[in-house]
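Student: See target.tsv below, with TSV, C-alpha atoms.
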chain	number	residue	atom	x	y	z
A	1	MET	CA	0.00	0.00	0.00
A	2	ALA	CA	2.81	2.42	0.86
A	3	PHE	CA	4.43	1.67	-2.51
A	4	VAL	CA	1.20	2.46	-4.36
A	5	VAL	CA	0.84	5.77	-2.51
A	6	ALA	CA	4.45	6.69	-3.22
A	7	GLU	CA	4.13	5.84	-6.91
A	8	ARG	CA	0.99	7.95	-7.24
A	9	ARG	CA	2.80	10.96	-5.80
A	10	ALA	CA	6.07	10.49	-7.67
A	11	ARG	CA	6.81	12.82	-10.55
A	12	GLU	CA	8.48	9.98	-12.47
A	13	PRO	CA	7.09	6.72	-11.00
A	14	MET	CA	8.87	3.40	-11.44
A	15	VAL	CA	5.54	1.72	-12.18
A	16	GLU	CA	2.86	3.47	-14.17
A	17	LEU	CA	-0.26	2.52	-12.26
A	18	ARG	CA	-2.39	3.83	-15.11
A	19	LEU	CA	-1.48	0.70	-17.03
A	20	PHE	CA	-3.69	-1.31	-14.69
A	21	ARG	CA	-6.70	0.58	-16.01
A	22	VAL	CA	-6.24	-1.34	-19.24
A	23	ARG	CA	-8.48	-4.39	-18.95
A	24	SER	CA	-6.30	-6.83	-20.88
A	25	PHE	CA	-3.14	-5.73	-19.09
A	26	SER	CA	-4.50	-5.99	-15.54
A	27	GLY	CA	-6.33	-9.23	-16.33
A	28	GLY	CA	-3.26	-10.77	-17.93
A	29	VAL	CA	-1.04	-9.84	-14.99
A	30	ALA	CA	-3.62	-11.27	-12.57
A	31	ALA	CA	-3.78	-14.53	-14.53
A	32	GLN	CA	0.01	-14.73	-14.55
A	33	VAL	CA	0.13	-14.20	-10.78
A	34	LEU	CA	-2.46	-16.90	-10.13
A	35	TRP	CA	-0.65	-19.33	-12.44
A	36	GLY	CA	2.63	-18.58	-10.67
A	37	LEU	CA	1.10	-19.00	-7.22
A	38	GLY	CA	-0.25	-22.41	-8.13
A	39	VAL	CA	2.41	-23.96	-10.32
A	40	ASN	CA	5.55	-22.76	-8.54
A	41	GLY	CA	4.17	-23.64	-5.15
A	42	VAL	CA	3.40	-27.19	-6.25
A	43	PHE	CA	6.65	-27.87	-8.11
A	44	PHE	CA	8.73	-27.04	-5.05
A	45	TYR	CA	7.18	-29.91	-3.08
A	46	THR	CA	6.68	-32.38	-5.91
A	47	ALA	CA	10.22	-33.81	-5.82
A	48	ILE	CA	9.83	-34.44	-2.08
A	49	PHE	CA	6.49	-36.17	-2.68
A	50	LEU	CA	7.84	-38.35	-5.46
A	51	GLN	CA	10.72	-39.60	-3.34
A	52	GLY	CA	9.13	-39.63	0.11
A	53	VAL	CA	5.67	-40.97	-0.76
A	54	LEU	CA	5.84	-42.70	-4.15
A	55	GLY	CA	9.31	-44.11	-3.46
A	56	PHE	CA	11.03	-42.74	-6.56
A	57	THR	CA	14.81	-42.52	-6.62
A	58	PRO	CA	16.32	-39.04	-6.99
A	59	THR	CA	17.05	-39.84	-10.64
A	60	ASP	CA	13.49	-41.03	-11.31
A	61	SER	CA	12.16	-37.96	-9.54
A	62	GLY	CA	14.13	-35.73	-11.89
A	63	MET	CA	13.09	-37.75	-14.93
A	64	ALA	CA	9.43	-37.22	-14.00
A	65	PHE	CA	9.75	-33.59	-15.12
A	66	VAL	CA	11.27	-34.47	-18.50
A	67	PRO	CA	7.94	-35.25	-20.26
A	68	LEU	CA	6.57	-31.94	-19.00
A	69	ALA	CA	9.53	-30.02	-20.40
A	70	LEU	CA	9.40	-31.87	-23.73
A	71	LEU	CA	5.71	-31.16	-24.16
A	72	VAL	CA	6.26	-27.48	-23.45
A	73	VAL	CA	8.93	-27.40	-26.17
A	74	ILE	CA	6.77	-29.35	-28.65
A	75	VAL	CA	3.43	-27.63	-28.06
A	76	THR	CA	4.63	-24.03	-27.64
A	77	PRO	CA	5.14	-23.47	-31.40
A	78	LEU	CA	1.54	-24.62	-31.91
A	79	ALA	CA	0.13	-22.14	-29.39
A	80	PRO	CA	0.03	-19.22	-31.90
A	81	LEU	CA	-2.02	-21.40	-34.28
A	82	VAL	CA	-4.49	-22.19	-31.53
A	83	GLU	CA	-4.55	-18.51	-30.60
A	84	ARG	CA	-5.50	-17.51	-34.15
A	85	TRP	CA	-8.31	-20.05	-34.03
A	86	LEU	CA	-9.66	-19.42	-30.52
A	87	GLY	CA	-8.24	-16.04	-29.55
A	88	ALA	CA	-5.76	-15.32	-26.76
A	89	GLY	CA	-8.32	-15.42	-23.94
A	90	ARG	CA	-9.70	-18.85	-24.79
A	91	THR	CA	-6.29	-20.31	-25.59
A	92	VAL	CA	-4.78	-19.19	-22.28
A	93	ALA	CA	-7.91	-20.26	-20.39
A	94	ALA	CA	-7.78	-23.71	-22.00
A	95	GLY	CA	-4.15	-24.03	-21.00
A	96	LEU	CA	-4.85	-23.03	-17.42
A	97	VAL	CA	-7.77	-25.48	-17.21
A	98	LEU	CA	-5.44	-28.27	-18.38
A	99	VAL	CA	-2.84	-27.27	-15.78
A	100	ALA	CA	-5.49	-27.25	-13.04
A	101	GLY	CA	-6.79	-30.62	-14.22
A	102	GLY	CA	-3.30	-32.09	-14.09
A	103	MET	CA	-2.87	-30.81	-10.56
A	104	ALA	CA	-6.21	-32.26	-9.47
A	105	LEU	CA	-5.24	-35.60	-11.03
A	106	ALA	CA	-1.88	-35.54	-9.23
A	107	ALA	CA	-3.73	-34.94	-5.96
A	108	THR	CA	-5.19	-38.48	-6.25
A	109	LEU	CA	-1.74	-40.14	-6.26
A	110	GLU	CA	-1.05	-42.46	-3.35
A	111	ALA	CA	1.84	-44.47	-1.99
A	112	GLY	CA	2.70	-47.27	-4.39
A	113	ASP	CA	1.51	-45.47	-7.52
A	114	GLY	CA	3.97	-45.38	-10.39
A	115	TRP	CA	4.56	-43.85	-13.79
A	116	GLY	CA	1.23	-45.02	-15.16
A	117	ARG	CA	-0.74	-42.74	-12.87
A	118	LEU	CA	1.81	-39.93	-12.76
A	119	LEU	CA	2.34	-39.34	-16.48
A	120	PRO	CA	-1.22	-38.22	-17.38
A	121	ALA	CA	-1.01	-35.49	-14.76
A	122	VAL	CA	2.45	-34.41	-15.88
A	123	CYS	CA	1.40	-34.35	-19.55
A	124	ALA	CA	-1.69	-32.26	-18.84
A	125	ILE	CA	0.40	-29.70	-16.99
A	126	GLY	CA	2.99	-29.63	-19.78
A	127	VAL	CA	0.49	-29.11	-22.60
A	128	GLY	CA	-1.47	-26.60	-20.55
A	129	SER	CA	1.61	-24.59	-19.69
A	130	ALA	CA	2.56	-24.38	-23.37
A	131	LEU	CA	-0.89	-23.03	-24.26
A	132	THR	CA	-0.48	-20.15	-21.81
A	133	MET	CA	2.33	-18.66	-23.92
A	134	PRO	CA	0.04	-16.11	-25.67
A	135	LEU	CA	-0.48	-14.50	-22.27
A	136	GLY	CA	2.70	-12.45	-22.50
A	137	SER	CA	2.02	-11.10	-25.98
A	138	ALA	CA	-1.58	-10.29	-25.03
A	139	VAL	CA	-0.42	-8.29	-22.03
A	140	LEU	CA	2.26	-6.37	-23.93
A	141	GLY	CA	-0.02	-5.82	-26.90
A	142	ALA	CA	-2.61	-4.18	-24.67
A	143	VAL	CA	-0.44	-1.15	-23.86
A	144	PRO	CA	1.11	1.57	-26.05
A	145	GLU	CA	4.41	0.57	-27.65
A	146	ALA	CA	6.22	3.29	-25.71
A	147	ARG	CA	5.17	1.61	-22.46
A	148	ALA	CA	6.02	-1.94	-23.53
A	149	GLY	CA	9.25	-1.98	-21.51
A	150	VAL	CA	7.53	-0.98	-18.28
A	151	ALA	CA	4.69	-3.42	-18.98
A	152	GLY	CA	7.16	-6.24	-19.62
A	153	GLY	CA	8.96	-5.45	-16.38
A	154	ILE	CA	5.74	-5.55	-14.38
A	155	PHE	CA	4.76	-8.83	-16.03
A	156	SER	CA	8.14	-10.43	-15.29
A	157	VAL	CA	8.21	-9.23	-11.68
A	158	SER	CA	4.69	-10.51	-11.11
A	159	ARG	CA	5.82	-13.96	-12.26
A	160	GLU	CA	8.82	-14.02	-9.93
A	161	ILE	CA	6.95	-12.67	-6.90
A	162	SER	CA	4.05	-15.05	-7.40
A	163	GLY	CA	6.49	-17.95	-7.35
A	164	LEU	CA	7.85	-16.95	-3.96
A	165	PHE	CA	4.41	-16.44	-2.45
A	166	GLY	CA	3.17	-19.66	-4.05
A	167	ILE	CA	5.88	-21.71	-2.35
A	168	ALA	CA	5.06	-20.08	0.99
A	169	ALA	CA	1.28	-20.49	0.61
A	170	VAL	CA	1.39	-24.13	-0.45
A	171	GLY	CA	3.96	-24.76	2.28
A	172	VAL	CA	1.53	-23.50	4.91
A	173	ILE	CA	-1.13	-25.90	3.63
A	174	VAL	CA	1.28	-28.84	3.42
A	175	HIS	CA	2.64	-28.42	6.94
A	176	ALA	CA	-0.72	-27.58	8.52
A	177	ALA	CA	-2.05	-31.02	7.59
A	178	GLY	CA	0.50	-32.83	9.76
A	179	ASP	CA	0.83	-35.70	7.28
A	180	PHE	CA	2.90	-34.71	4.24
A	181	ALA	CA	0.95	-36.76	1.68
A	182	THR	CA	-2.38	-35.35	2.87
A	183	GLY	CA	-1.00	-31.83	2.96
A	184	TYR	CA	0.51	-32.18	-0.51
A	185	ALA	CA	-2.83	-33.29	-1.95
A	186	ALA	CA	-4.60	-30.38	-0.25
A	187	GLY	CA	-1.94	-28.00	-1.55
A	188	LEU	CA	-2.42	-29.33	-5.08
A	189	LEU	CA	-6.18	-28.78	-4.94
A	190	ALA	CA	-5.72	-25.26	-3.57
A	191	ALA	CA	-3.21	-24.51	-6.33
A	192	ALA	CA	-5.60	-25.92	-8.93
A	193	GLY	CA	-8.29	-23.55	-7.63
A	194	LEU	CA	-5.97	-20.58	-8.07
A	195	VAL	CA	-5.10	-21.62	-11.62
A	196	LEU	CA	-8.80	-22.07	-12.48
A	197	ALA	CA	-9.44	-18.55	-11.20
A	198	GLY	CA	-6.75	-17.40	-13.61
A	199	ALA	CA	-8.57	-19.18	-16.44
A	200	LEU	CA	-11.80	-17.34	-15.65
A	201	ILE	CA	-9.98	-14.00	-15.55
A	202	SER	CA	-8.35	-14.76	-18.90
A	203	LEU	CA	-11.71	-15.47	-20.48
A	204	ALA	CA	-13.16	-12.26	-19.09
A	205	THR	CA	-10.32	-9.87	-19.91
A	206	LEU	CA	-8.16	-11.11	-22.80
A	207	PRO	CA	-9.18	-10.66	-26.44
Is it possible to express this structure as structure tokens?
Tutor:
Amino acid sequence: MAFVVAERRAREPMVELRLFRVRSFSGGVAAQVLWGLGVNGVFFYTAIFLQGVLGFTPTDSGMAFVPLALLVVIVTPLAPLVERWLGAGRTVAAGLVLVAGGMALAATLEAGDGWGRLLPAVCAIGVGSALTMPLGSAVLGAVPEARAGVAGGIFSVSREISGLFGIAAVGVIVHAAGDFATGYAAGLLAAAGLVLAGALISLATLP
């Protein structure tokens, strides 16, 4: 709050708060924050869950993220095609729904489960994350070209900050449950709810 007051009074503010009056810009930043809160918070604890609950080795735990990364690389070039067909708002929303669905599916994992139950969740998150790529261009395209640098800075900072708060928020949920597996599942569902909220905001604000 103090930062907002200071920026409003500054002759040359670091952050132009007027940018948030632009519907697509403020909505895109909000969707990015919600995605970051959910995804980053979950990923931090996933390696612990894979090793401590599912019994994966450290190597297997690392390999579990490889399909996700490969799908992001493969599907990302297709995202602009989907965007031209559906529009940025629907494309990003579809991606966020897939991410949330993958998280909800991962929340059903139990001790003894293996790759067969893990991979569908990982793949949904990977494909969904790739489809959110138009979010950045939609946000930057919503502001005047002369303000693109400031807008890009705000967008990047929102991603980094949301990651930090996401880890803290999911951590509170995980540790409050007492049992790690139960807390991890609850954290996943909470994160999925945040990502779904981002999908709704994308539909409502992005072109």
Student: Quote the spacing between CA of Gly163 (chain A) and CA of Gly193 (chain A) in Å to one decimal place.
Tutor: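 Taking CA of Gly163 (chain A) and CA of Gly193 (chain A), their separation equals 15.8 Å.
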Student: Any idea what's packed within 8 Å of Leu140 (chain A), counting only C-alpha atoms, ignoring anything in its chain fewer than 6 positions away? Could you give it as a list in words?
Tutor: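 The neighbour list is Phe25, Ala148, Ala151 and Gly152 of chain A.
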Student: Would you output that residue set with C-alpha atoms, as a PDB file, keeping the file's coordinate frame?
Tutor:
ATOM      1  CA  PHE A  25      -3.140  -5.730 -19.090  1.00  0.00           C
ATOM      2  CA  ALA A 148       6.020  -1.940 -23.530  1.00  0.00           C
ATOM      3  CA  ALA A 151       4.690  -3.420 -18.980  1.00  0.00           C
ATOM      4  CA  GLY A 152       7.160  -6.240 -19.620  1.00  0.00           C
TER       5      GLY A 152
END
Student: Using only C-alpha atoms - which residues lie no farther than 12 Å from the point (3.2, -28.6, -16.6) in the file's frame? Write them as a count of residues only.
Tutor: 45
Student: Of the candidates A:Met133, A:Met63, A:Leu78, A:Ala47, which shows the shortest atom-to-atom distance to Ala93 (chain A), using only C-alpha atoms?
Tutor: A:Met133
Student: Can you tell me how far CA of Leu203 (chain A) sits from CA of Gly89 (chain A), in Å to one decimal?
Tutor: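 These atoms are spaced 4.8 Å apart.
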Student: Please compute the CA of Leu50 (chain A)-CA of Ala111 (chain A) distance, one decimal, in Å.
Tutor: 9.2 Å
